[in-house]
file target07.csv (CSV, C-alpha atoms and all ligand atoms)
chain,number,residue,atom,x,y,z
Q,1,MET,CA,0.0,0.0,0.0
Q,2,ALA,CA,1.1,3.5,-0.8
Q,3,THR,CA,1.6,5.0,1.5
Q,4,THR,CA,25.6,9.4,18.5
Q,5,ALA,CA,27.3,11.2,18.3
Q,6,PHE,CA,30.5,9.2,18.4
Q,7,HIS,CA,33.1,11.7,19.2
Q,8,GLN,CA,35.1,11.8,16.0
Q,9,THR,CA,38.8,12.2,16.6
Q,10,ILE,CA,39.7,15.8,15.7
Q,11,GLY,CA,42.7,14.6,13.8
Q,12,THR,CA,40.6,13.8,10.7
Q,13,PHE,CA,39.7,17.4,10.4
Q,14,GLN,CA,43.0,18.9,11.5
Q,15,SER,CA,44.4,17.2,8.5
Q,16,HIS,CA,42.1,19.3,6.4
Q,17,GLY,CA,43.4,22.5,8.1
Q,18,HIS,CA,40.1,23.7,9.5
Q,19,ILE,CA,40.9,23.5,13.1
Q,20,ASN,CA,43.4,26.4,12.8
Q,21,LYS,CA,41.1,28.8,11.0
Q,22,PRO,CA,39.8,31.7,13.0
Q,23,GLY,CA,36.3,31.2,14.3
Q,24,ILE,CA,34.4,29.2,16.9
Q,25,ARG,CA,35.1,25.6,17.2
Q,26,LYS,CA,31.9,23.5,17.0
Q,27,GLU,CA,31.2,19.9,16.8
Q,28,ILE,CA,28.3,18.7,14.7
Q,29,GLY,CA,27.4,15.1,15.3
Q,30,ASP,CA,30.7,13.5,14.7
Q,31,VAL,CA,32.2,16.4,12.8
Q,32,ALA,CA,34.3,19.0,14.4
Q,33,MET,CA,35.0,22.2,12.7
Q,34,ARG,CA,35.6,26.0,13.0
Q,35,LEU,CA,32.7,28.1,12.1
Q,36,PRO,CA,33.5,31.2,10.1
Q,37,LEU,CA,32.8,34.4,12.1
Q,38,LYS,CA,31.0,36.0,9.2
Q,39,SER,CA,27.3,35.2,8.8
Q,40,PHE,CA,26.6,31.9,7.2
Q,41,LYS,CA,24.4,31.6,4.2
Q,42,LEU,CA,21.8,29.0,4.9
Q,43,GLU,CA,21.0,26.3,2.5
Q,44,LEU,CA,17.3,26.0,2.7
Q,45,GLY,CA,15.2,23.5,0.9
Q,46,LEU,CA,11.8,24.2,2.3
Q,47,SER,CA,9.0,21.8,1.8
Q,48,LYS,CA,5.5,23.2,2.1
Q,49,ARG,CA,5.1,21.7,5.5
Q,50,ALA,CA,8.4,22.8,6.9
Q,51,CYS,CA,8.6,25.1,9.8
Q,52,PHE,CA,10.6,28.2,9.1
Q,53,SER,CA,12.5,28.5,12.3
Q,54,ARG,CA,15.3,30.9,12.1
Q,55,ASN,CA,16.4,30.2,15.6
Q,56,LEU,CA,19.4,28.3,14.4
Q,57,GLY,CA,21.8,26.7,16.8
Q,58,VAL,CA,24.8,24.5,16.6
Q,59,ILE,CA,25.4,21.2,18.3
Q,60,LYS,CA,28.2,21.0,20.7
Q,61,SER,CA,28.4,17.3,21.1
Q,62,SER,CA,30.2,16.2,24.1
Q,63,ALA,CA,29.3,12.5,23.9
Q,64,SER,CA,32.4,10.4,24.1
Q,65,GLN,CA,31.9,6.7,24.4
Q,66,SER,CA,33.5,3.6,25.6
Q,67,SER,CA,31.6,1.1,23.6
Q,68,VAL,CA,28.9,1.0,21.0
Q,69,ALA,CA,26.4,-0.5,23.4
Q,70,ASP,CA,27.3,1.7,26.3
Q,71,GLN,CA,26.0,4.8,24.8
Q,72,VAL,CA,22.6,3.2,24.4
Q,73,LEU,CA,22.6,1.3,27.7
Q,74,SER,CA,24.3,3.6,30.1
Q,75,PRO,CA,21.9,5.1,32.5
Q,76,SER,CA,23.7,8.5,32.3
Q,77,ASN,CA,22.4,8.7,28.8
Q,78,LYS,CA,18.8,8.6,30.0
Q,79,ASN,CA,18.9,11.9,31.8
Q,80,THR,CA,15.2,12.6,31.5
Q,81,SER,CA,15.4,15.1,34.4
Q,82,GLU,CA,17.6,17.5,32.4
Q,83,PRO,CA,15.6,20.6,31.7
Q,84,ARG,CA,14.4,20.4,28.2
Q,85,LYS,CA,15.4,24.0,27.4
Q,86,LYS,CA,19.1,23.2,27.9
Q,87,SER,CA,19.0,20.5,25.2
Q,88,LYS,CA,21.3,20.6,22.2
Q,89,GLU,CA,20.1,20.6,18.7
Q,90,ALA,CA,19.8,17.2,17.2
Q,91,ALA,CA,18.4,15.7,13.9
Q,92,LEU,CA,15.6,13.1,14.0
Q,93,ILE,CA,14.8,11.2,10.9
Q,94,LEU,CA,11.7,9.0,10.7
Q,95,ILE,CA,11.3,6.5,7.9
Q,96,ARG,CA,8.6,4.1,7.2
Q,97,HIS,CA,10.0,0.8,5.8
Q,98,GLY,CA,10.0,0.3,2.0
Q,99,GLU,CA,7.3,-1.7,0.3
Q,100,SER,CA,7.0,-5.2,1.8
Q,101,LEU,CA,5.8,-8.4,0.1
Q,102,TRP,CA,2.5,-8.0,1.8
Q,103,ASN,CA,2.2,-4.3,1.0
Q,104,GLU,CA,2.5,-5.5,-2.6
Q,105,LYS,CA,-0.2,-8.1,-2.2
Q,106,ASN,CA,-2.4,-5.5,-0.3
Q,107,LEU,CA,-2.6,-7.7,2.8
Q,108,PHE,CA,-3.0,-6.5,6.4
Q,109,THR,CA,0.5,-7.1,7.8
Q,110,GLY,CA,0.6,-5.8,11.4
Q,111,CYS,CA,3.2,-7.8,13.4
Q,112,VAL,CA,3.7,-10.5,10.8
Q,113,ASP,CA,7.4,-10.3,9.9
Q,114,VAL,CA,7.5,-9.9,6.2
Q,115,PRO,CA,10.6,-8.7,4.1
Q,116,LEU,CA,10.8,-6.0,1.5
Q,117,THR,CA,10.1,-6.4,-2.2
Q,118,LYS,CA,12.6,-5.4,-4.8
Q,119,LYS,CA,10.8,-2.1,-5.0
Q,120,GLY,CA,11.0,-1.8,-1.3
Q,121,VAL,CA,14.8,-2.4,-1.5
Q,122,GLU,CA,15.0,0.4,-4.1
Q,123,GLU,CA,12.9,2.7,-2.0
Q,124,ALA,CA,15.2,2.1,1.0
Q,125,ILE,CA,18.3,2.9,-1.1
Q,126,GLU,CA,16.6,6.0,-2.5
Q,127,ALA,CA,15.7,7.1,1.0
Q,128,GLY,CA,19.3,6.6,2.0
Q,129,LYS,CA,20.4,8.9,-0.8
Q,130,ARG,CA,18.1,11.6,0.5
Q,131,ILE,CA,19.5,11.5,4.0
Q,132,SER,CA,23.1,10.8,3.0
Q,133,ASN,CA,24.2,14.3,4.2
Q,134,ILE,CA,22.4,14.3,7.5
Q,135,PRO,CA,24.3,13.2,10.6
Q,136,ILE,CA,23.2,9.9,12.2
Q,137,ASP,CA,24.6,8.8,15.5
Q,138,MET,CA,22.1,6.2,16.5
Q,139,ILE,CA,19.5,4.1,14.8
Q,140,TYR,CA,16.4,2.6,16.2
Q,141,THR,CA,14.3,0.0,14.3
Q,142,SER,CA,11.4,-2.1,15.2
Q,143,ALA,CA,11.9,-5.8,15.7
Q,144,LEU,CA,10.6,-6.5,12.3
Q,145,ILE,CA,12.8,-7.3,9.3
Q,146,ARG,CA,11.2,-4.8,6.9
Q,147,ALA,CA,12.2,-1.9,9.1
Q,148,GLN,CA,15.6,-3.4,9.7
Q,149,MET,CA,16.3,-4.0,6.1
Q,150,THR,CA,15.2,-0.4,5.3
Q,151,ALA,CA,17.6,1.1,7.9
Q,152,MET,CA,20.5,-1.0,6.7
Q,153,LEU,CA,19.9,-0.4,3.0
Q,154,ALA,CA,19.5,3.3,3.6
Q,155,MET,CA,22.8,3.4,5.5
Q,156,THR,CA,24.7,1.9,2.6
Q,157,GLN,CA,24.2,5.3,0.9
Q,158,HIS,CA,25.4,7.5,3.8
Q,159,ARG,CA,28.4,9.6,2.9
Q,160,ARG,CA,30.0,9.4,6.3
Q,161,LYS,CA,30.4,5.6,5.7
Q,162,LYS,CA,30.1,4.6,9.3
Q,163,VAL,CA,29.0,1.0,9.9
Q,164,PRO,CA,25.6,0.4,11.5
Q,165,ILE,CA,26.0,-2.4,14.1
Q,166,VAL,CA,23.1,-4.2,15.7
Q,167,ILE,CA,23.3,-4.1,19.5
Q,168,HIS,CA,22.5,-7.5,21.0
Q,169,ASN,CA,21.4,-7.0,24.5
Q,170,GLU,CA,19.1,-10.0,24.9
Q,171,SER,CA,21.5,-11.8,27.2
Q,172,GLU,CA,24.8,-11.2,28.9
Q,173,GLN,CA,26.3,-13.7,26.5
Q,174,ALA,CA,24.9,-12.0,23.5
Q,175,ARG,CA,26.5,-8.7,24.7
Q,176,LYS,CA,29.8,-10.4,25.3
Q,177,TRP,CA,29.8,-12.3,22.1
Q,178,SER,CA,29.2,-9.2,20.0
Q,179,GLU,CA,31.9,-7.1,21.7
Q,180,ILE,CA,34.3,-5.0,19.5
Q,181,PHE,CA,37.9,-4.7,20.6
Q,182,SER,CA,39.1,-1.6,18.7
Q,183,GLU,CA,38.2,1.9,19.9
Q,184,ASP,CA,38.8,3.2,16.4
Q,185,THR,CA,36.4,0.7,14.9
Q,186,LYS,CA,33.8,1.6,17.6
Q,187,LYS,CA,34.1,5.2,16.6
Q,188,GLN,CA,33.4,4.3,13.0
Q,189,SER,CA,30.2,2.5,14.0
Q,190,ILE,CA,26.6,3.4,14.6
Q,191,PRO,CA,24.6,1.4,17.1
Q,192,VAL,CA,21.4,0.0,15.9
Q,193,VAL,CA,18.8,-0.7,18.6
Q,194,GLN,CA,15.9,-3.0,17.8
Q,195,ALA,CA,12.8,-2.5,19.8
Q,196,TRP,CA,9.5,-4.4,19.5
Q,197,GLN,CA,7.7,-1.3,20.9
Q,198,LEU,CA,8.3,0.3,17.5
Q,199,ASN,CA,6.6,-2.5,15.7
Q,200,GLU,CA,3.6,-2.0,13.4
Q,201,ARG,CA,0.3,-2.0,15.3
Q,202,MET,CA,-1.0,-5.5,15.9
Q,203,TYR,CA,-3.8,-5.9,13.3
Q,204,GLY,CA,-5.5,-8.8,15.2
Q,205,ASP,CA,-7.8,-11.0,13.1
Q,206,LEU,CA,-7.1,-8.9,10.0
Q,207,GLN,CA,-3.5,-10.0,9.7
Q,208,GLY,CA,-3.0,-11.8,6.4
Q,209,LEU,CA,-6.4,-10.8,5.0
Q,210,ASN,CA,-6.6,-8.8,1.8
Q,211,LYS,CA,-7.6,-5.2,2.4
Q,212,GLN,CA,-9.9,-4.9,-0.6
Q,213,GLU,CA,-11.6,-8.2,0.1
Q,214,THR,CA,-12.1,-7.2,3.8
Q,215,ALA,CA,-13.6,-3.9,2.6
Q,216,ASP,CA,-15.9,-5.8,0.2
Q,217,ARG,CA,-17.0,-8.1,3.0
Q,218,TYR,CA,-17.4,-5.7,6.0
Q,219,GLY,CA,-17.9,-2.4,4.2
Q,220,LYS,CA,-15.5,0.3,3.3
Q,221,GLU,CA,-16.5,2.5,6.3
Q,222,GLN,CA,-16.0,-0.3,8.8
Q,223,VAL,CA,-12.5,-1.1,7.4
Q,224,HIS,CA,-11.6,2.6,7.3
Q,225,GLU,CA,-12.6,2.8,10.9
Q,226,TRP,CA,-10.4,-0.2,11.8
Q,227,ARG,CA,-7.5,1.3,9.8
Q,228,ARG,CA,-7.7,5.0,10.7
Q,229,SER,CA,-9.7,5.7,13.8
Q,230,TYR,CA,-7.7,6.6,16.9
Q,231,ASP,CA,-9.3,4.5,19.6
Q,232,ILE,CA,-11.3,1.7,17.8
Q,233,PRO,CA,-9.2,-1.4,17.5
Q,234,PRO,CA,-9.6,-4.0,14.7
Q,235,PRO,CA,-11.0,-7.3,16.0
Q,236,ASN,CA,-8.5,-8.6,18.6
Q,237,GLY,CA,-5.9,-6.1,17.5
Q,238,GLU,CA,-4.4,-2.8,18.7
Q,239,SER,CA,-6.0,0.6,18.1
Q,240,LEU,CA,-3.7,3.5,17.2
Q,241,GLU,CA,-4.1,4.6,20.8
Q,242,MET,CA,-2.9,1.3,22.1
Q,243,CYS,CA,0.0,1.3,19.6
Q,244,ALA,CA,0.9,4.8,20.8
Q,245,GLU,CA,0.9,3.7,24.4
Q,246,ARG,CA,4.0,1.5,23.7
Q,247,ALA,CA,5.6,3.4,20.8
Q,248,VAL,CA,5.4,6.9,22.2
Q,249,ALA,CA,6.3,5.7,25.7
Q,250,TYR,CA,9.4,4.1,24.1
Q,251,PHE,CA,10.2,7.2,22.2
Q,252,LYS,CA,10.0,9.3,25.4
Q,253,GLU,CA,11.9,7.0,27.6
Q,254,GLU,CA,14.6,5.8,25.2
Q,255,ILE,CA,15.0,8.0,22.2
Q,256,GLU,CA,14.3,11.5,23.5
Q,257,PRO,CA,17.1,11.3,26.1
Q,258,GLN,CA,19.5,10.6,23.3
Q,259,LEU,CA,18.3,13.6,21.4
Q,260,LEU,CA,18.6,15.7,24.5
Q,261,THR,CA,22.3,14.9,24.6
Q,262,GLY,CA,22.7,16.0,21.0
Q,263,LYS,CA,22.7,12.6,19.3
Q,264,ASN,CA,21.2,12.5,15.9
Q,265,VAL,CA,18.8,9.7,15.6
Q,266,MET,CA,17.1,7.8,12.8
Q,267,ILE,CA,14.0,5.6,13.4
Q,268,ALA,CA,13.0,3.0,10.9
Q,269,ALA,CA,9.6,1.8,11.7
Q,270,HIS,CA,6.0,1.4,10.4
Q,271,GLY,CA,3.0,3.3,9.2
Q,272,ASN,CA,1.1,3.2,12.4
Q,273,SER,CA,3.9,3.2,15.0
Q,274,LEU,CA,5.3,6.3,13.2
Q,275,ARG,CA,1.9,7.9,12.9
Q,276,SER,CA,1.6,7.7,16.7
Q,277,ILE,CA,5.0,9.2,17.2
Q,278,ILE,CA,4.3,12.0,14.7
Q,279,MET,CA,1.1,12.7,16.5
Q,280,TYR,CA,3.2,13.3,19.6
Q,281,LEU,CA,5.9,15.3,17.8
Q,282,ASP,CA,3.5,17.5,15.9
Q,283,LYS,CA,0.9,17.6,18.7
Q,284,LEU,CA,-1.8,16.3,16.5
Q,285,THR,CA,-5.3,15.7,17.9
Q,286,SER,CA,-6.9,12.3,17.6
Q,287,GLN,CA,-9.0,13.8,14.8
Q,288,GLU,CA,-6.1,15.2,12.9
Q,289,VAL,CA,-4.1,12.0,13.0
Q,290,ILE,CA,-6.9,10.2,11.1
Q,291,SER,CA,-5.9,11.9,7.9
Q,292,LEU,CA,-2.1,11.4,8.4
Q,293,GLU,CA,-0.8,8.9,5.8
Q,294,LEU,CA,2.8,7.9,5.4
Q,295,SER,CA,4.3,6.6,2.2
Q,296,THR,CA,6.7,3.7,2.2
Q,297,GLY,CA,10.4,4.7,2.2
Q,298,ILE,CA,10.0,8.4,2.6
Q,299,PRO,CA,12.3,9.9,5.2
Q,300,MET,CA,11.0,12.8,7.3
Q,301,LEU,CA,13.3,15.2,9.1
Q,302,TYR,CA,12.8,16.9,12.4
Q,303,ILE,CA,15.1,19.1,14.4
Q,304,PHE,CA,14.9,18.8,18.2
Q,305,LYS,CA,15.9,22.0,19.9
Q,306,GLU,CA,15.0,23.5,23.2
Q,307,GLY,CA,12.5,20.9,23.9
Q,308,ARG,CA,10.7,21.4,20.6
Q,309,PHE,CA,10.4,19.2,17.6
Q,310,ILE,CA,10.5,21.2,14.4
Q,311,ARG,CA,9.5,19.5,11.2
Q,312,ARG,CA,12.1,20.4,8.5
Q,313,GLY,CA,10.9,18.5,5.5
Q,314,SER,CA,9.1,15.5,4.2
Q,315,PRO,CA,10.4,15.0,0.7
Q,316,VAL,CA,8.5,14.1,-2.4
Q,317,ALA,CA,11.3,14.8,-4.8
Q,318,PRO,CA,13.8,12.2,-5.8
Q,319,SER,CA,16.8,13.9,-4.2
Q,320,GLU,CA,17.7,15.4,-0.9
Q,321,ALA,CA,18.6,18.8,-2.3
Q,322,GLY,CA,15.8,21.3,-2.1
Q,323,VAL,CA,13.7,19.1,0.1
Q,324,TYR,CA,14.9,19.5,3.6
Q,325,ALA,CA,15.1,22.8,5.4
Q,326,TYR,CA,18.7,22.6,6.6
Q,327,THR,CA,19.6,24.3,9.8
Q,328,ARG,CA,23.0,26.0,9.9
Q,329,THR,CA,24.3,22.9,11.8
Q,330,LEU,CA,23.2,20.6,9.1
Q,331,ALA,CA,24.5,22.8,6.3
Q,332,LEU,CA,27.9,22.9,8.0
Q,333,TYR,CA,27.8,19.1,8.4
Q,334,ARG,CA,27.2,18.7,4.8
Q,335,GLN,CA,29.9,21.2,3.9
Q,336,LYS,CA,32.3,19.2,6.0
Q,337,LEU,CA,31.3,16.0,4.2
Q,338,ASP,CA,32.0,17.7,0.9
Q,339,GLU,CA,35.4,18.6,2.1
Q,340,MET,CA,36.1,15.2,3.4
Q,341,PHE,CA,34.9,13.1,0.5
Q,342,THR,CA,35.2,15.2,-2.6
N,1,LIG,O1,0.2,-3.5,8.7
N,1,LIG,C1,-0.2,-3.1,7.6
N,1,LIG,O2,-0.9,-3.7,6.8
N,1,LIG,C2,0.4,-1.8,7.0
N,1,LIG,O3,1.8,-1.8,7.1
N,1,LIG,C3,-0.3,-0.6,7.6
N,1,LIG,O4,-1.5,-0.8,7.2
N,1,LIG,P1,-2.7,0.4,7.2
N,1,LIG,O5,-2.3,1.5,6.3
N,1,LIG,O6,-3.9,-0.4,6.8
N,1,LIG,O7,-2.8,0.8,8.7

call {"tool": "encode", "arguments": {"input": "target07.csv", "output": "structure tokens"}}
result
Amino acid sequence: MATTAFHQTIGTFQSHGHINKPGIRKEIGDVAMRLPLKSFKLELGLSKRACFSRNLGVIKSSASQSSVADQVLSPSNKNTSEPRKKSKEAALILIRHGESLWNEKNLFTGCVDVPLTKKGVEEAIEAGKRISNIPIDMIYTSALIRAQMTAMLAMTQHRRKKVPIVIHNESEQARKWSEIFSEDTKKQSIPVVQAWQLNERMYGDLQGLNKQETADRYGKEQVHEWRRSYDIPPPNGESLEMCAERAVAYFKEEIEPQLLTGKNVMIAAHGNSLRSIIMYLDKLTSQEVISLELSTGIPMLYIFKEGRFIRRGSPVAPSEAGVYAYTRTLALYRQKLDEMFT
């Protein structure tokens, strides 16, 4: 159906000579640089729905880390008591998985673990191109393969070329057996956390049924109510409200603390788990969320700053340029990537 900042060693950049230029030293995600003192021309690609915040700030990331898993698991990273207004700027990318084999067949999927189609693979790669200049320090995916495939395929396109590494925290042994023994390699990695709380809403007795056939049988209105109402669950399944109870709670407890410390986060998840998160981010009412539809494989960008989530673009064009409303921080990050890799 349609619809960490790892603390980069400064050496890399010193070799480009930027550290000695006059200006203010800033760190953007994993990129450290000197900002020119003269005013910076913003690169803005404003989508219709983008917010035009001119209150642009710069990340000063202080996150150093001892292990890929530690930055996720360390309680010090979950400082929810930190006043929101002191938070650093961070990018948040939300992406619904690419087309799955059951999207293609128009079947209710819910929590059934179905992989991507070839088109879904292509969508994920295309999505990766669109976000290839945006810093990503941590990745969260659902426990379902279609979201995981999407995140991994998208990351093959990222210009920074860090390696996404799945954190295995299911047992002490799993943690131990997936340990990395090079600090350098850890710095070139992005932790990927898989969380069932980000799964698609459980579609109950509808899972595996054809959407059109179900509408023919129970009526279009009834099926629309099951699919889009906020608090009416499909038979034996989860309503959007029930889905939000776990997905938004997870976002607040696990992901927001990372954003508060300035880590740039990507979430690869599902139509309804993301609808519930967007409802929270955009403060949509239960009426407004009814008409929110998400396309497969389209990354949406938010900036988290001073406790506010600012939507900066939801692309429809094939390339990232002219789609996202870059903040000064993001523009500088991209400029740095240009200098590093061209
Ligand atoms: O679970 C599914 O079938 C889809 O991924 C989302 O379906 P919906 O658009 O019918 O909610």

call {"tool": "residues_near_ligand", "arguments": {"input": "target07.csv", "ligand": "ligand LIG 1 (chain N)", "cutoff": "10 Å", "atoms": "all atoms listed in the file", "output": "PyMOL selection string"}}
result
chain Q and resi 1-3+96-100+102-103+106-114+146+199-203+206-211+223-224+226-229+239-240+269-273+275+293-296

call {"tool": "residues_around", "arguments": {"input": "target07.csv", "residues": "region 165-182 of chain Q", "least_positions_apart": "3", "cutoff": "6 Å", "atoms": "all atoms listed in the file", "output": "PyMOL selection string"}}
result
chain Q and resi 185+190-193

call {"tool": "residues_near_point", "arguments": {"input": "target07.csv", "point": "(24.4, 5.5, 2.6)", "cutoff": "8 Å", "atoms": "all atoms listed in the file", "output": "MDAnalysis selection string"}}
result
chainID Q and resid 125 128:129 131:132 153:161

call {"tool": "atom_distance", "arguments": {"input": "target07.csv", "atom1": "CA of Glu183 (chain Q)", "atom2": "CA of Leu259 (chain Q)"}}
result
23.1 Å

call {"tool": "atom_distance", "arguments": {"input": "target07.csv", "atom1": "CA of Val248 (chain Q)", "atom2": "CA of Leu198 (chain Q)"}}
result
8.6 Å

call {"tool": "atom_distance", "arguments": {"input": "target07.csv", "atom1": "CA of Met279 (chain Q)", "atom2": "CA of Ile267 (chain Q)"}}
result
15.0 Å

call {"tool": "closest_residue", "arguments": {"input": "target07.csv", "among": "Q:Ala195, Q:Met340, Q:Pro234, Q:Phe309", "to": "Arg246 (chain Q)", "atoms": "only C-alpha atoms"}}
result
Q:Ala195

call {"tool": "closest_residue", "arguments": {"input": "target07.csv", "among": "Q:Ala249, Q:Ser291, Q:Leu301, Q:Gly313", "to": "Glu225 (chain Q)", "atoms": "all atoms listed in the file"}}
result
Q:Ser291

call {"tool": "closest_residue", "arguments": {"input": "target07.csv", "among": "Q:Ile290, Q:Ser189, Q:Ile298, Q:Gly237", "to": "Met138 (chain Q)", "atoms": "all atoms listed in the file"}}
result
Q:Ser189

call {"tool": "closest_residue", "arguments": {"input": "target07.csv", "among": "Q:Pro235, Q:Gly204, Q:Pro135, Q:Gly120", "to": "Glu89 (chain Q)", "atoms": "all atoms listed in the file"}}
result
Q:Pro135

call {"tool": "decode", "arguments": {"input": "target07.csv", "residues": "region 125-141 of chain Q", "atoms": "N, CA, C and O atoms", "output": "PDB file, in the first residue's frame"}}
result
ATOM      1  N   ILE Q 125      17.006   2.329  -0.592  1.00  0.00           N
ATOM      2  CA  ILE Q 125      18.268   2.889  -1.104  1.00  0.00           C
ATOM      3  C   ILE Q 125      18.070   4.358  -1.489  1.00  0.00           C
ATOM      4  O   ILE Q 125      18.888   5.227  -1.168  1.00  0.00           O
ATOM      5  N   GLU Q 126      16.944   4.637  -2.120  1.00  0.00           N
ATOM      6  CA  GLU Q 126      16.618   6.011  -2.504  1.00  0.00           C
ATOM      7  C   GLU Q 126      16.484   6.901  -1.255  1.00  0.00           C
ATOM      8  O   GLU Q 126      16.983   8.025  -1.217  1.00  0.00           O
ATOM      9  N   ALA Q 127      15.836   6.347  -0.253  1.00  0.00           N
ATOM     10  CA  ALA Q 127      15.696   7.085   1.019  1.00  0.00           C
ATOM     11  C   ALA Q 127      17.075   7.384   1.592  1.00  0.00           C
ATOM     12  O   ALA Q 127      17.338   8.493   2.080  1.00  0.00           O
ATOM     13  N   GLY Q 128      17.959   6.409   1.510  1.00  0.00           N
ATOM     14  CA  GLY Q 128      19.319   6.591   2.017  1.00  0.00           C
ATOM     15  C   GLY Q 128      20.036   7.724   1.312  1.00  0.00           C
ATOM     16  O   GLY Q 128      20.772   8.498   1.934  1.00  0.00           O
ATOM     17  N   LYS Q 129      19.793   7.845  -0.006  1.00  0.00           N
ATOM     18  CA  LYS Q 129      20.429   8.943  -0.757  1.00  0.00           C
ATOM     19  C   LYS Q 129      19.936  10.289  -0.241  1.00  0.00           C
ATOM     20  O   LYS Q 129      20.683  11.244  -0.136  1.00  0.00           O
ATOM     21  N   ARG Q 130      18.641  10.347   0.067  1.00  0.00           N
ATOM     22  CA  ARG Q 130      18.060  11.612   0.521  1.00  0.00           C
ATOM     23  C   ARG Q 130      18.616  12.070   1.865  1.00  0.00           C
ATOM     24  O   ARG Q 130      18.641  13.256   2.163  1.00  0.00           O
ATOM     25  N   ILE Q 131      19.006  11.112   2.678  1.00  0.00           N
ATOM     26  CA  ILE Q 131      19.495  11.494   4.016  1.00  0.00           C
ATOM     27  C   ILE Q 131      21.004  11.299   4.139  1.00  0.00           C
ATOM     28  O   ILE Q 131      21.543  11.314   5.236  1.00  0.00           O
ATOM     29  N   SER Q 132      21.667  11.170   2.991  1.00  0.00           N
ATOM     30  CA  SER Q 132      23.089  10.819   3.019  1.00  0.00           C
ATOM     31  C   SER Q 132      23.974  11.930   3.570  1.00  0.00           C
ATOM     32  O   SER Q 132      25.123  11.703   3.904  1.00  0.00           O
ATOM     33  N   ASN Q 133      23.435  13.151   3.687  1.00  0.00           N
ATOM     34  CA  ASN Q 133      24.221  14.276   4.200  1.00  0.00           C
ATOM     35  C   ASN Q 133      23.783  14.694   5.604  1.00  0.00           C
ATOM     36  O   ASN Q 133      24.212  15.726   6.094  1.00  0.00           O
ATOM     37  N   ILE Q 134      22.898  13.919   6.184  1.00  0.00           N
ATOM     38  CA  ILE Q 134      22.380  14.298   7.512  1.00  0.00           C
ATOM     39  C   ILE Q 134      23.050  13.422   8.571  1.00  0.00           C
ATOM     40  O   ILE Q 134      23.137  12.202   8.393  1.00  0.00           O
ATOM     41  N   PRO Q 135      23.551  14.041   9.630  1.00  0.00           N
ATOM     42  CA  PRO Q 135      24.284  13.229  10.625  1.00  0.00           C
ATOM     43  C   PRO Q 135      23.373  12.205  11.303  1.00  0.00           C
ATOM     44  O   PRO Q 135      22.226  12.506  11.643  1.00  0.00           O
ATOM     45  N   ILE Q 136      23.904  11.008  11.468  1.00  0.00           N
ATOM     46  CA  ILE Q 136      23.165   9.943  12.164  1.00  0.00           C
ATOM     47  C   ILE Q 136      24.127   9.282  13.154  1.00  0.00           C
ATOM     48  O   ILE Q 136      25.169   8.779  12.766  1.00  0.00           O
ATOM     49  N   ASP Q 137      23.764   9.340  14.424  1.00  0.00           N
ATOM     50  CA  ASP Q 137      24.628   8.768  15.465  1.00  0.00           C
ATOM     51  C   ASP Q 137      24.044   7.506  16.072  1.00  0.00           C
ATOM     52  O   ASP Q 137      24.768   6.719  16.687  1.00  0.00           O
ATOM     53  N   MET Q 138      22.724   7.352  15.951  1.00  0.00           N
ATOM     54  CA  MET Q 138      22.076   6.173  16.523  1.00  0.00           C
ATOM     55  C   MET Q 138      20.889   5.810  15.652  1.00  0.00           C
ATOM     56  O   MET Q 138      20.228   6.695  15.117  1.00  0.00           O
ATOM     57  N   ILE Q 139      20.651   4.520  15.564  1.00  0.00           N
ATOM     58  CA  ILE Q 139      19.510   4.067  14.756  1.00  0.00           C
ATOM     59  C   ILE Q 139      18.610   3.194  15.633  1.00  0.00           C
ATOM     60  O   ILE Q 139      19.101   2.313  16.358  1.00  0.00           O
ATOM     61  N   TYR Q 140      17.333   3.453  15.545  1.00  0.00           N
ATOM     62  CA  TYR Q 140      16.352   2.591  16.210  1.00  0.00           C
ATOM     63  C   TYR Q 140      15.477   1.978  15.134  1.00  0.00           C
ATOM     64  O   TYR Q 140      15.035   2.685  14.217  1.00  0.00           O
ATOM     65  N   THR Q 141      15.261   0.694  15.237  1.00  0.00           N
ATOM     66  CA  THR Q 141      14.330   0.040  14.315  1.00  0.00           C
ATOM     67  C   THR Q 141      13.346  -0.780  15.149  1.00  0.00           C
ATOM     68  O   THR Q 141      13.589  -1.044  16.333  1.00  0.00           O
TER      69      THR Q 141
END
